[in-house]
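See below for the structure under consideration.
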Amino acid sequence: MSNQMFDVIKSDLEVLEQGLQKAVTSTNELVTEVGLHIVTSGGKRIRPALCLLSAHGGKSFDLAHVLPLAEALELIHTASLVHDDVIDEADTRRGAATANARWNNQVAILSGDYIFARAFTLIAEEDYDAHVSKRLAELVCNLSVGEIIQDNAIYQASRGMADYYERIQKKTADFLEICCELGSMVGGMTKEDVAALGKYGHCIGMAFQITDDLLDIEQTAEKIGKPAGNDIRQGIVTLPVIRALEVSPDAKELEAIVTDMDMTDEMVERALAIVKATDGVDFAKDKADAYLEQAKASLPESLPSEIREAYEMVADFIGDRDF
């Protein structure tokens, strides 16, 4: 993560870290231990950072007022990852043991529920417009729907581009859109600028997930903190694979691999080789780049220059990231 990207809100993010730890602290020792393990196991903090940047763009920035929202957004993200790790039977995330691996599935699921509830408690305790809690509730619904769509499509060959885009919108883009939208709203930006920043969030969210899916094809386990080819292994068909299924001379073989619930390591390697032999990776990169251009073009004129620069750096980071 580039340190410069969020330099303008560095002190805000330090306060946020303390707030996150306080938010998961319970009167029960085990709940506190699990909660602290989960929120201190790394993470880029992109969601609360986008929220804070958006709030800084408004005329009425008040850190104490926006922090509970920024913390709630990160807690919702964190809780959803805890549940994802149980679904995926993942042992590590960001190089650290997952809650399900360190404790068990029951503790992990209930800790995720606890963290979701703590997020909404933070929102309830602050005097926000009703639109804030409504959008956050929609967000959790969409995250769930995105996962259900994905789960329903596993070990099936390409469902087509439209299905893929709908899935990543619900899983990732809606989230970043809401971070920018609610942050700018709480910060006092105009309706037009709130909508423009929401569009920026949507576009970088689409690019972020496409890039994430690319990393699964291109990078090593050491670099990304989870096994390479993990999506293929789990029967999840991403954009480079969908493209390869459309254009590869070995499409039938690739289809046979991605639909096989008992695929071996060798089969995963072969699937990766088939995808890499096509233009699937470049095709996905071009799509991500187009979204990032759109994101930059959406930034409102009213933004202070240092906030605009930070937003542009976020877009560039997503385009260039290799972990």
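So you can find residues: chains in the structure tokens are A, B, ... in the order shown, residues in each start at 1, and ligands are numbered from 1 in order.
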Exercise. Taking the chain letters and numbering used in this document, name the residues of stretch 167-298 of chain A that DSSP puts in alpha helix (DSSP H), as a PyMOL selection string.
Key: chain A and resi 167-168+174-186+191-218+221-224+230-233+239-247+251-258+265-276+280-298
Quiz item: Please, which residues of stretch 52-261 of chain A, numbered as in this document, come out strand (DSSP E or B) from DSSP, as a PyMOL selection string?
Solution: chain A and resi 92-93+96-97
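Minimum atom-to-atom distances from A:Ile318, A:Ala55, A:Leu215, A:Ala96 to A:Ala70 were compared using only C-alpha atoms, and the lowest value belongs to A:Ala55.
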Residues at most 12 Å from A:Asp286, counting only C-alpha atoms, excluding those fewer than 2 positions away in the same chain, as a PDB file with C-alpha atoms, in the first residue's frame?
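The resulting file, part-v6.pdb, is reproduced below:
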ATOM      1  CA  ALA A 207     -11.665  -2.016 -11.302  1.00  0.00           C
ATOM      2  CA  ILE A 210     -11.298  -7.148 -11.712  1.00  0.00           C
ATOM      3  CA  THR A 211      -7.696  -6.490 -10.591  1.00  0.00           C
ATOM      4  CA  LEU A 214      -6.372 -10.915 -12.187  1.00  0.00           C
ATOM      5  CA  LEU A 239     -13.270 -12.289 -16.163  1.00  0.00           C
ATOM      6  CA  PRO A 240      -9.961 -13.648 -17.571  1.00  0.00           C
ATOM      7  CA  ASP A 279      -5.709 -12.523 -24.242  1.00  0.00           C
ATOM      8  CA  GLY A 280      -7.865 -13.063 -21.121  1.00  0.00           C
ATOM      9  CA  VAL A 281      -5.468 -11.246 -18.792  1.00  0.00           C
ATOM     10  CA  ASP A 282      -5.002  -8.264 -21.161  1.00  0.00           C
ATOM     11  CA  PHE A 283      -8.752  -8.155 -21.843  1.00  0.00           C
ATOM     12  CA  ALA A 284      -9.474  -7.892 -18.096  1.00  0.00           C
ATOM     13  CA  ALA A 288     -10.100  -2.315 -15.304  1.00  0.00           C
ATOM     14  CA  ASP A 289      -8.189   0.578 -16.908  1.00  0.00           C
ATOM     15  CA  ALA A 290     -11.358   1.855 -18.604  1.00  0.00           C
ATOM     16  CA  TYR A 291     -13.171   1.899 -15.248  1.00  0.00           C
ATOM     17  CA  LEU A 292     -10.252   3.787 -13.653  1.00  0.00           C
ATOM     18  CA  GLU A 293     -10.321   6.432 -16.409  1.00  0.00           C
ATOM     19  CA  GLY A 319      -4.309  -0.027 -11.624  1.00  0.00           C
TER      20      GLY A 319
END
Quiz prompt | Pick from A:Arg102, A:Arg233, A:Arg167, A:Arg308 nearest to A:Thr264, counting only C-alpha atoms | solution = A:Arg233
Non-local contacts of A:Arg243 (12 Å; only C-alpha atoms; under 2 positions in same chain excluded) as a CSV table (one decimal) with C-alpha atoms, in the first residue's frame:
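The resulting file, around.csv, is shown below:
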chain,number,residue,atom,x,y,z
A,157,ALA,CA,-18.7,-22.7,-17.0
A,158,SER,CA,-19.1,-19.1,-18.0
A,159,ARG,CA,-22.4,-17.5,-17.0
A,160,GLY,CA,-21.4,-14.6,-19.4
A,161,MET,CA,-20.0,-11.1,-18.8
A,164,TYR,CA,-19.9,-11.5,-13.7
A,237,VAL,CA,-15.2,-18.2,-12.9
A,238,THR,CA,-13.7,-14.7,-13.2
A,239,LEU,CA,-13.3,-12.3,-16.2
A,240,PRO,CA,-10.0,-13.6,-17.6
A,241,VAL,CA,-11.4,-17.2,-17.4
A,245,LEU,CA,-13.7,-19.8,-22.4
A,246,GLU,CA,-14.9,-17.6,-25.3
A,247,VAL,CA,-11.7,-17.5,-27.3
A,248,SER,CA,-9.3,-20.3,-26.4
A,249,PRO,CA,-8.8,-23.3,-28.7
A,251,ALA,CA,-12.0,-23.9,-24.2
A,254,LEU,CA,-10.8,-25.5,-19.6
A,255,GLU,CA,-14.6,-25.9,-19.2
A,274,ILE,CA,-4.8,-22.1,-20.8
A,275,VAL,CA,-6.0,-18.7,-19.5
A,276,LYS,CA,-2.5,-17.2,-19.8
A,277,ALA,CA,-2.2,-18.5,-23.4
A,278,THR,CA,-5.2,-16.3,-24.4
A,279,ASP,CA,-5.7,-12.5,-24.2
A,280,GLY,CA,-7.9,-13.1,-21.1
A,281,VAL,CA,-5.5,-11.2,-18.8
A,282,ASP,CA,-5.0,-8.3,-21.2
A,283,PHE,CA,-8.8,-8.2,-21.8
A,284,ALA,CA,-9.5,-7.9,-18.1
A,285,LYS,CA,-6.7,-5.3,-17.6
A,287,LYS,CA,-11.6,-3.3,-18.7
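Residues lying within 6 Å of stretch 133-147 of chain A, counting only C-alpha atoms and ignoring same-chain neighbours fewer than 2 positions away, are Ala130, His131, Ile149, Gln150, Asp151, Arg167, Lys170 and Lys171 of chain A.
From atom CA of A:Thr27 back to atom CA of A:His83, the distance works out to 22.8 Å.
Nearest-residue note for A:Leu63: choosing from A:Asp316, A:Glu126, A:Glu218, A:Asp12, the minimum distance belongs to A:Asp12, counting only C-alpha atoms.
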Quiz item: stretch 192-203 of chain A: which residues within 6 Å, counting only C-alpha atoms, same-chain residues fewer than 4 positions away excluded, as a list in words?
Solution: Ala173, Leu176, Glu177, Cys180, Glu181, Ser184, Tyr291, Ala295, Ser298 and Pro300 of chain A
Export, as a PDB file, in the first residue's frame, the selected residues with N, CA and C atoms.
ATOM      1  N   ALA A 173     -18.149  -3.188  -5.813  1.00  0.00           N
ATOM      2  CA  ALA A 173     -18.348  -1.813  -6.299  1.00  0.00           C
ATOM      3  C   ALA A 173     -19.387  -1.054  -5.478  1.00  0.00           C
ATOM      4  N   LEU A 176     -17.686   0.400  -2.290  1.00  0.00           N
ATOM      5  CA  LEU A 176     -16.840   1.583  -2.436  1.00  0.00           C
ATOM      6  C   LEU A 176     -17.670   2.798  -2.849  1.00  0.00           C
ATOM      7  N   GLU A 177     -18.727   2.550  -3.599  1.00  0.00           N
ATOM      8  CA  GLU A 177     -19.651   3.642  -3.961  1.00  0.00           C
ATOM      9  C   GLU A 177     -20.280   4.246  -2.701  1.00  0.00           C
ATOM     10  N   CYS A 180     -17.869   6.458  -0.571  1.00  0.00           N
ATOM     11  CA  CYS A 180     -17.683   7.804  -1.125  1.00  0.00           C
ATOM     12  C   CYS A 180     -18.957   8.642  -0.988  1.00  0.00           C
ATOM     13  N   GLU A 181     -20.081   7.996  -1.257  1.00  0.00           N
ATOM     14  CA  GLU A 181     -21.374   8.700  -1.213  1.00  0.00           C
ATOM     15  C   GLU A 181     -21.698   9.183   0.207  1.00  0.00           C
ATOM     16  N   SER A 184     -19.144  11.860   1.638  1.00  0.00           N
ATOM     17  CA  SER A 184     -19.337  13.203   1.087  1.00  0.00           C
ATOM     18  C   SER A 184     -20.638  13.825   1.596  1.00  0.00           C
ATOM     19  N   TYR A 291     -12.438   1.474 -16.448  1.00  0.00           N
ATOM     20  CA  TYR A 291     -13.171   1.899 -15.248  1.00  0.00           C
ATOM     21  C   TYR A 291     -12.390   2.968 -14.475  1.00  0.00           C
ATOM     22  N   ALA A 295     -13.467   6.695 -13.486  1.00  0.00           N
ATOM     23  CA  ALA A 295     -13.445   7.138 -12.078  1.00  0.00           C
ATOM     24  C   ALA A 295     -12.816   8.527 -11.975  1.00  0.00           C
ATOM     25  N   SER A 298     -14.892  11.318 -13.169  1.00  0.00           N
ATOM     26  CA  SER A 298     -16.083  11.596 -12.350  1.00  0.00           C
ATOM     27  C   SER A 298     -15.813  12.554 -11.194  1.00  0.00           C
ATOM     28  N   PRO A 300     -15.532  15.473  -8.797  1.00  0.00           N
ATOM     29  CA  PRO A 300     -16.123  16.802  -8.899  1.00  0.00           C
ATOM     30  C   PRO A 300     -15.080  17.922  -8.881  1.00  0.00           C
TER      31      PRO A 300
END
Would you mind listing, for every residue of stretch 98-207 of chain A within 9 Å of stretch 257-263 of chain A, the two atoms forming the shortest contact and the distance between them in Å to one decimal, using only C-alpha atoms, sorted by chain and ascending residue number, as a Markdown table?
| residue | atom | partner | partner_atom | distance |
| --- | --- | --- | --- | --- |
| A:Ile154 | CA | A:Thr259 | CA | 7.8 |
| A:Tyr155 | CA | A:Thr259 | CA | 4.1 |
| A:Gln156 | CA | A:Thr259 | CA | 5.1 |
| A:Ala157 | CA | A:Thr259 | CA | 6.2 |
Quiz item: In terms of the shortest atom-to-atom distance over only C-alpha atoms, which of A:Asp84, A:Glu29, A:Cys51, A:Ala23 is closest to A:Ala119?
Solution: A:Ala23
Quiz item: Which neighbours of A:Ala64 fall inside 12 Å, counting only C-alpha atoms, when residues of the same chain fewer than 2 positions from it are skipped, and could you give them as a PyMOL selection string?
Solution: chain A and resi 12+15-16+19+52+55+60-62+66-71+122+126-127+186-187
Quiz prompt | Pick from A:Asp113, A:Asp231, A:Glu312, A:Asp163, whichever lies nearest to A:Ile204 using only C-alpha atoms | solution = A:Glu312
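Taking atom CA of A:Pro48 as the reference point, atom CA of A:Arg321 is found at 19.0 Å.
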